[in-house]
Structures are given as structure tokens and as C-alpha cells.
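In what follows, a single structure is set out as C-alpha cells and then discussed.
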Amino acid sequence: MPRDYSLLGPDAERAVTDGLVTEAWYRTPIDRKTMKSLMKRADQPAVRDTMILFGCMILFAGIAVALMPSWWSAPFWLAYGVFYGSAMDSRWHECGHGTAFKTRWMNKIVYHIASFCMIRDPYCWKFSHARHHSDTIIVGRDPEVAIMRPVVALKMMANLFGIMDAIDGVRRMAVHGAGRILPDEADYMEEVFFPKTILTARVWLAIYGATIAAALIYQSWIPLLLIGLPRLYGAWHMVLCGWLQHGGLADNVLDHRLNCRTVYMNPVSRFLYWNMNYHVEHHMFPLVPYYRLPDLHEACKFDFPAPNTSFADGYAEMLPALWRQRKEPDFHLRRPLPETATPYHDGPRAQAA
Amino acid sequence: MAEWIDACSADDIDAEDVIRFDNGGRTFIIVRDHEDNYYCTDGLCTHEEIHLSDGLVVENTIECPKHSSIFNLANGEVETPPACENLHTYPTRVEDGRVFVEI
């Protein structure tokens with residue numbers, strides 16, 4: 001069946017009439033006491049991680065600038081880029097949920113810095129991500145579907161360098177800067193935030209303008225390598241992790257075990273990605289902070305499909321499915337559940353089929 | 001007309017926790033904060049009608065379990081979006097170890 005991912009198209013209407021826009025998502029039963037302890041916030045883990053993150057960024061950028069124009073600066077730019085173009089994605093995400101820090105203003109500051117790095121308006125994307133959690137991979141409802149079907153390999157390759165996302169971010173920033181909000185944004189965002197979005201875009205445009213001006217005045221790439229371009233050359237880690245979240249799995253279902261993937265990852269990737277490799281867990285219980293997700297994973301194991309054991313294992317499962325989805329958009333993976341699990345809750349569309 | 005209803009025992013709720021209370025076809029939450037104050041509000045988030053009884057109580061606020069909207073329990077005001085509409089609150093009192101709410 002063809003899919004129209006536009007939020008204002010026929011699939012959006014069909015999702016509503018088919019009963020896919022609902023709160024009736026499956027949730028693994030976990031007793032209140034355990035859940036309460038898992039949701040508990042602390043400042044310490046995120047303060048430590050944020051100091052490491054910004055410390056590394058300053059260090060790598062400093063060495064890279066000092067070594068310019070030598071090519072020896074390249075690995076340091078690449079390292080800086082991964083912190084800017086990939087780690088900032090997970091900071092944007094976790095602080096947007098308000099779960100990283102216990103102290104609210106800390107979440108807010110890191111959220112705004114990360115939003116700037118990712119070229120994502122902090123207000124639009126707050127609502128966009130809320131919709132992503134309400135209607136995860138529901139075609140026509142979810143504004144954050146990373147891999148649309150039929151899969152277009154070239155588009156995915158371009159996004160490995162953040163190209164499609166950055167173009168979209170800059171386009172939206174320009175539209176907002178001109179004082180307008182796009183129709184899809186108006187579909188999920190509260191009008192009261194429009195002025196804040198417009199003001200944010202104008203401030204950001206001024207920062208990017210000043211960066212470009214500095215590059216021209218000093219005839220140097222350094223300002224652009226520090227601000228803006230890392231969104232492209234440092235995006236690869238975010239994209240490689242992000243594809244695994246939902247790639248090759250079901251759409252239009254009401255069970256996160258069917259449309260999300262949990263993958264064990266190495267400690268460096270988990271630091272950069274802030275444990276979002278526990279993605280089924282995160283979608284089912286979004287109030288659990290990133291540093292408690294491994295514990296939540298243990299508590300949910302009896303009810304979840306087996307996690308992928310590594311990046312390589314995840315890709316070995318996902319890539320053949322994506323390849324097949326180029327020609328067969330209805331194909332998706334359905335992983336076996338352990339005997340202790342509640343059966344999958346496919347939702348109304350699967351029942352009607 | 002609003003009337004005082006015996007909702008639960010004060011001990012039914014741990015400190016900084018919440019329980020769901022259904023009455024007359026409506027759903028509410030009863031919350032005990034960190035200083036043993038009790039509150040009653042509508043039970044569904046004003047953003048997307050999620051049951052707040054699965055949410056997180058921190059001091060005198062409750063956070064929606066799905067989208068992290070935060071409401072002040074004393075006056076129902078939204079402190080953090082995406083919710084934009086305040087939560088309706090109801091008078092609450094504790095008598096002889098029982099929590100009464102006027103709904």
C-alpha cells in the first residue's frame with residue numbers, strides 16, 4: 001500500500017478513522033514502586049556528562065584551530081564534529097523530555113544550545129517530538145519518521161552527512177525568520193508558541209550571518225567549521241544510531257515492541273547517544289531518565305523481544321529489511337517474543353486486515 | 001452540585017506519589033506531596049488525555065508520563081508545555097486519616 005507521510009494528507013485522516021490515533025498503546029506491567037524509583041531524577045549524571053561533552057568540544061576545537069591549516073587538524077575537527085552534530089542530538093532529545101537533569105533550568109539551557117546545534121527550533125520540535133511519542137511511526141501522524149517507505153537508499157546516504165536534515169532545518173529557520181509557520185508545524189504546535197519560534201529563528205539567523213561574515217572577513221574556514229558545518233560532517237553517528245531506532249520494523253501499530261529496537265552498544269556510543277539505544281524502553285516509559293534506562297531494560301526484559309547484541313547485529317537485521325522495503329513497502333520485521341511476554345498488540349488496522 | 005466525598009485513606013498514598021480516583025464516571029488523581037499536603041485534580045492531562053496517575057510527583061508538581069507536561073498541584077497551572085491548558089483542581093482535606101475531596 002502506498003504511504004503518504006504528509007501530516008495533512010489522506011493517510012493522516014485514515015489514521016484517525018482507523019483508530020490509530022489513540023492512547024491505547026501497550027505498556028509492559030511494572031509495579032508502581034519500581035517505576036517510581038526508575039523515574040527518579042538526579043543532576044549528577046547529566047552534569048558530569050555535560051562537563052565532559054563541553055570539555056571535549058573545547059579541547060578538540062582548540063587543537064584543531066591551533067593546527068590549521070594543516071591536514072593534521074582534520075581528525076580533531078572530526079572529533080569535535082561528532083560532539084556537535086551527533087551528541088547534541090541526544091542532548092536535545094533528553095533535555096527536551098526534561099529528564100536529563102533534575103533541575104529544570106539546566107535542562108532548558110542544554111536544550112536550547114543543542115537545538116541551535118541541530119538547527120531544530122526548540123518550540124516546534126518540542127511539539128513535533130510529543131507527536132512522535134503519541135503516534136510513533138503512524139503514517140500521516142508522526143512528523144519524525146527517519147526512514148520512509150519505499151526506502152530510497154540515496155536519500156539515506158545523503159542524510160549520513162546530515163544533508164537532508166540540515167536543508168530542512170535551514171529552510172524552516174528561513175521561513176520562521178520571515179515571520180511564518182509552516183502548515184505541518186501548525187498541525188502539531190500550539191499557536192501561543194509561534195512568536196517564540198519566529199524570534200528564535202531571527203536570533204539564529206543573526207548568529208549564522210555573523211559566522212559567515214567572520215569567515216569572509218578573515219578569509220578562513222574556521223568560523224564555519226566551528227558553527228554550522230559540524231551539523232553535516234559530524235552527523236554520521238547520530239544517523240547510524242537513529243536508523244536503528246525504528247528501521248525495518250512495523251508501522252501503524254500500537255505496540256512499541258513492534259516498531260522500536262533496543263540495541264546493545266559500546267560505551268562511547270552510549271555516551272554520545274545518551275543510552276537511546278534502549279529505544280523500546282524509552283518509548284514505552286519516556287519519563288525514565290537516560291541513566292536509568294539500563295535498569296528499566298532489566299525490568300522489562302521478560303516482555304520484550306531479545307535486543308540486538310551490537311551495532312553490527314542491529315544492521316545485519318535491519319539492512320536486508322530496508323533493502324526489501326525499496327520494492328515491498330509493506331514488508332517489516334516481526335521479532336519473536338519470549339514465552340513470558342504478553343502477545344503483541346498490533347492495533348486496529350492489523351485486526352481489520 | 002459539588003459534594004465532599006471520602007476518596008481514600010491518607011496512608012494509601014506514599015509521600016510524593018499519586019493514585020487514581022474514579023467517581024461518577026469521571027477520573028481524578030489524589031496526590032500527596034513531599035510535605036504531606038494532599039491535592040485532587042482531574043485525572044487526565046489537558047494535552048492528550050493521558051492518565052496522570054502514571055506520572056511523576058516532584059514536590060507539589062505532577063509530570064505527565066507521556067509528554068512531560070508539568071502541572072502545579074496547588075493551582076493546576078501548566079509549568080512546562082506541551083500542555084497549554086491548566087488542570088482543574090478540587091478542594092481537598094484530611095480528616096481522621098481519610099482524604100475528602102469536593103467534586
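Residue numbering restarts at 1 for every chain of the C-alpha cells, chains are lettered A, B, ... in their displayed order, and ligands are numbered from 1 as they appear.
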Item to check | Residues of chain B within 10 Å of chain A, only C-alpha atoms counted, as an NGL selection string | outcome: :B and (14 or 16-19 or 47-51 or 53-58 or 63-70 or 80-84)
Checklist entry - Taking the backbone alone, and naming residues the way the document does, which bits of chain B are strand (DSSP E or B) by DSSP, as a VMD selection string? => result chain B and resid 4 to 9 17 to 23 26 to 32 38 to 42 44 51 56 to 58 61 to 63 70 to 72 78 to 80 89 to 90 92 to 95 98 to 102
Next on the checklist: If I take atom CA of A:Gly247 and atom CA of A:Gly85, how far is one from the other in Å, to one decimal?
Outcome noted: 20.7 Å
Checklist entry - Could you state the separation of atom CA of A:His237 and atom CA of A:Asn277 in Å, given to one decimal place? => result 12.3 Å
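Considering the residues A:Ile181, A:Tyr233, A:Pro45, A:Lys155 and counting only C-alpha atoms, A:Ala74 has its shortest atom-to-atom contact with A:Tyr233.
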Checklist entry - Can you list, as a list in words, every protein, DNA or RNA residue that comes within 10 Å of B:Thr41 when you count only C-alpha atoms, leaving out same-chain residues fewer than 6 positions away? => result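 Using only C-alpha atoms, the neighbours found are Phe21, Thr27, Phe28, Ile29, Ile30, Val31, Leu52, Leu73, Ala74, Asn75, Gly76, Leu87, His88, Thr89, Tyr90, Pro91, Thr92, Val101 and Ile103 of chain B.
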Item to check | Point-to-point distance from atom CA of A:Pro307 to atom CA of A:Thr28, Å rounded to tenths | outcome: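 So the answer is 15.8 Å.
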Item to check | All residues 10 Å or closer to A:Leu240, only C-alpha atoms, same chain fewer than 2 positions away omitted, as a PyMOL selection string | outcome: chain A and resi 86+159-160+235-238+242-245+311+315
Next on the checklist: Residues within 6 Å of B:Asp33, please, as a PyMOL selection string. Count only C-alpha atoms; anything in the same chain fewer than 5 positions from it doesn't count.
Outcome noted: chain B and resi 15-16+59-60
Next on the checklist: At a cut-off of 10 Å, using only C-alpha atoms, what residues contact A:Leu20? Leave out same-chain residues fewer than 2 positions from it and give the result as a PyMOL selection string.
Outcome noted: chain A and resi 12+14-18+22-25+135+138-139+141+252-254+347-349
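Remark: for A:Trp221, the closest of the candidate residues A:Val65, A:Cys260, A:Leu322, A:Met118 is A:Val65 (distances computed over only C-alpha atoms).
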Item to check | Selection: 7 Å around stretch 163-167 of chain A, only C-alpha atoms, excl. self and same-chain fewer than 4 positions, as a list in words | outcome: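 The filter keeps Ile119, Ala158, Asn159, Arg171 and Leu232 of chain A.
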